Every structure is written in structure tokens, then in C-alpha cells.
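So the structure is just underneath, and the comments pick up after that.
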Amino acid sequence: MSTHRVAQVAFAGGPFEIVERDVPRPGPGHVRIAVEACGICHGDAMFVNAGLPGVRFPLVPGHEIAGRIEELGEGTQSTGWRVGDRVAVGWFGGSCGYCAACRRGDLILCLNLKVPGGAYDGGYAEAVVVPADALARIPDALAAVDAAPMACAGVTTYNGLRTSSARPGDLVAVLGIGGLGHLGVQYAAAMGFETVAIARGADKADYAKQLGAHHYIDSTAGTPVADALQSLGGARVVLATAANSAAITATVDGLSHRGELVVIGADTEPLGIAPVQLLMRARTVRGHPAGSAQDIQDTMAFSALQGIRPMIETVPLDRADEAYHRMLHGAARFRMVLTTGTG
């Protein structure tokens, strides 16, 4: 049997090593993808460091996968997928189909969600086998290296905004313009929102405007972020992409009446929000996960239509350890993407 290369970690928190494995055959309901690109997401660290229950080693992470179908498993021929189709797979790597969330069609909240890199080997590899229900079709206008980050970072920001209470013309603020936020600003502007970018430092103002922001708030300038938002009329929605609970908390009083705080930046520290801040202005706070395969496909289609692309650094698979640690230490601008040379 032929072999393929994977970047794996042998133990929790260990370094990445490139090893050869037999090419896997897809079982019933699965397909094998020839991986062309795989984004490196901060969520990968939860698996690499055994931060979630049930993680097994050696482990191949990666849940921002883009490539082409190269083999169909039994039962997938009738699904409409064909060998050669360009596909992406994200945090949503398949669902059980029988839990209450699945039966209500809310697949991303499946109690038995299959995340690539956790439930099965992920995309830091030249080939990966995934459930057919995890596949999203990549539009012709998107290169694989641009499509890969859309499967997690892209869909999370896009879906967080399109499912919010904001409507075209409303003031919408994006907290943070890093790996998630630089996409969030682009989506907010393209959806017709009066877009505010919030970040640290005056030097980011020009970049925020290049992304499409109508206003920029420097959170270090001295004026509280909430006051700055209220001076613009109050935000209908704040999309909190920064993984910083204190920074997220600082935006709450900047919400308008019935304003909504949508949290997608993951931090383990609690938010410091008093009930009265919500009650007196009827504000809401909600968390937002990524999105289903159809949501990923919608994200890529919208991105292609609007000319929205992630800012990426591409690195070959054999430098996975270097690329992973650049992401981990915040040195990436803004998404690291592994390439296999097969695209």
C-alpha cells in the first residue's frame, strides 16, 4: 500500500514530527481527501495539549482542511460528491444524527460532534478520511490556502454576524483585528453594517480602515471603549473576537438598547458583567460556535462574491512545528496555513 506523510505529536505538548503512514481507505459514509492546505488554529492546542477528554496519542491535529476528494467510501456515491471535487472541512467534522441538537437541525451543537484532529486524524497531513456529512464545496474563485481558514475562522465570524440581531445600517463593532477579527471586519462591512474596529494601539487604525471599518477605537487611548461606542450612537452588536475577558467586558456598556454581545473569542477567565448592565437596557450576551458544513459553504460563497480573503502565511507541512509555535506565540499575521504541494 502507498504511504503519505503526517505531522503528528507523540505525547501531550510534544513536538511535531513528520512520519510516513499507510494511505487510509475510507469506510462506509466516508471519503478520503488529498489535503492541499490546512490552517493552524488556536483550537488545535486543546488537542495537542490533551485539554479535552478522550484525546489519544500519537495525534494529528488540524480542522481547517482544504483539498480534493480522491476516494469515495461505500454509500457516498449517491450523495452527489465525486472524485476530484474541491472540498473543505472545519471544526464541524461530522455529527451523530440522533442527539436532540441534531434532530432539531442544529448540527454544530451535536453532543457527539466529530472535530478533526480529535475524533479522527486531522489535516496536518497529505491525506485525511472524513465523514461525508462534513464536506463543504469550495467555489472556483477560492484557492485552497484561502478556503482552509474559512472552515473555522471564517465561518465563526461570518455566522456570528449573520445570525445576530444587526441589520444593514446598524452600528456593529468588532473587538480585535487578529486571526478572527480581520475577517470579522471585512464581513461586517460587506453585510452593510456601519463597522467599528476595536484594537490596541493607534498604529492599527489605517489597517482597520483598509479592511473596511468606518471607525476605529484604540482601546489604549484613555477613553473607555464603552464611552467611545456610545459617542457613535451605541453598538447594536459587538462581535468579540479577542480572547480577553476584560476587553470583552469593557464593551458591554457600549451596547445600545437591546444590544447584543456575541462572544467568539475563547478565554477561561469569567466575564465581569453585572446583571444591572443587562437588565436596564435589555441587552443580551451569547456565545457562538463555528458552523455546519452548509454554513462553511455559505461562508466561502459569500467570501468569493465579496472578494474577502484571509491574511495568511503559508508554510510547508514539514515545518509544522515551526508554524504551530508561531501561531501559539501570536507571531502569525494572521493565519498560518500548512501546504502539502499537492494543489
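Going by the C-alpha cells order, chains are called A, B, ..., each with residues numbered from 1, while ligands are numbered from 1 in the order shown.
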
If you count only C-alpha atoms, which residues fall within 7 Å of Val237 of chain A, apart from same-chain ones fewer than 5 positions away, as a ChimeraX atom specification? /A:166,172-173,255,259-261

Find the residues around segment 194-211 of chain A up to 8 Å (only C-alpha atoms counted), leave out those fewer than 2 positions away in its own chain, and share them as a ChimeraX atom specification. /A:168-177,182,185-186,188-189,192,213-221

What's around Val9 of chain A at 9 Å? Count only C-alpha atoms, leave out sequence neighbours fewer than 3 positions away in its own chain, and write the answer as number ranges by chain. A: 12-17, 48, 57-61

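Among the candidates A:Ile264, A:Ala127, A:Cys96, A:Leu239, the residue lying nearest to Ser2 of chain A is A:Ala127 (atoms considered: only C-alpha atoms).
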
Segment 112-199 of chain A near segment 274-298 of chain A within 12 Å: what's each residue's closest atom pair and its distance in Å to one decimal, counting only C-alpha atoms, ordered by chain then ascending residue number, as a tab-separated table?
```
residue	atom	partner	partner_atom	distance
A:Leu113	CA	A:Ser292	CA	10.5
A:Lys114	CA	A:Ser292	CA	11.4
A:Val115	CA	A:Ala290	CA	11.3
A:Pro131	CA	A:Ala293	CA	11.0
A:Ala132	CA	A:Ala293	CA	9.9
A:Asp133	CA	A:Ala293	CA	7.2
A:Ala134	CA	A:Ala293	CA	5.4
A:Leu135	CA	A:Ala293	CA	5.8
A:Ala136	CA	A:Gln297	CA	5.0
A:Arg137	CA	A:Gln297	CA	5.9
A:Ile138	CA	A:Gln297	CA	6.9
A:Pro139	CA	A:Gln297	CA	8.4
A:Leu142	CA	A:Gln297	CA	11.5
A:Ala147	CA	A:Ile296	CA	9.5
A:Ala148	CA	A:Ile296	CA	10.2
A:Pro149	CA	A:Ile296	CA	10.2
A:Met150	CA	A:Ile296	CA	6.9
A:Ala151	CA	A:Ile296	CA	5.6
A:Cys152	CA	A:Ala290	CA	6.2
A:Ala153	CA	A:Ala290	CA	7.8
A:Gly154	CA	A:Ile296	CA	7.8
A:Val155	CA	A:Ile296	CA	5.4
A:Thr156	CA	A:Ala290	CA	4.2
A:Thr157	CA	A:Ala290	CA	7.9
A:Tyr158	CA	A:Asp295	CA	8.9
A:Asn159	CA	A:Gly291	CA	6.9
A:Gly160	CA	A:His288	CA	6.1
A:Leu161	CA	A:His288	CA	9.7
A:Arg162	CA	A:Asp295	CA	10.5
A:Thr163	CA	A:His288	CA	9.3
A:Ser164	CA	A:Arg286	CA	9.7
A:Ser165	CA	A:Thr284	CA	10.3
A:Leu180	CA	A:Ala290	CA	11.5
```

Just asking: which residues within segment 68-301 of chain A are helix (DSSP H, G or I) according to DSSP, as a PyMOL selection string? chain A and resi 77-79+100-103+107-109+132-134+144-162+181-190+202-211+225-231+245-249+252-254+275-279+293-301

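In the backbone-derived DSSP annotation, strand (DSSP E or B) within segment 252-320 of chain A comprises A:Leu255, A:Ser256, A:His257, A:Arg258, A:Gly259, A:Glu260, A:Leu261, A:Val262, A:Val263, A:Thr284, A:Val285, A:Arg286, A:Gly287, A:Ile312, A:Glu313, A:Thr314, A:Val315, A:Pro316.
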
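In this structure, atom CA of Thr339 of chain A sits 23.7 Å away from atom CA of Phe11 of chain A.
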
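Pairwise distance (atom CA of Arg82 of chain A, atom CA of Pro28 of chain A) equals 15.0 Å.
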
Close residues, Ala100 of chain A itself excluded, 10 Å, only C-alpha atoms, min 4 positions apart in chain, as a PDB file with C-alpha atoms, in the first residue's frame:
```
ATOM      1  CA  ARG A 104     -33.575  19.748  15.546  1.00  0.00           C
ATOM      2  CA  GLY A 105     -31.121  20.502  12.729  1.00  0.00           C
ATOM      3  CA  ASP A 106     -28.624  22.351  14.943  1.00  0.00           C
ATOM      4  CA  LEU A 107     -25.713  20.190  13.822  1.00  0.00           C
ATOM      5  CA  LEU A 109     -24.189  21.734  18.681  1.00  0.00           C
ATOM      6  CA  CYS A 110     -24.189  17.944  18.278  1.00  0.00           C
ATOM      7  CA  LEU A 111     -23.437  16.321  21.642  1.00  0.00           C
TER       8      LEU A 111
END
```
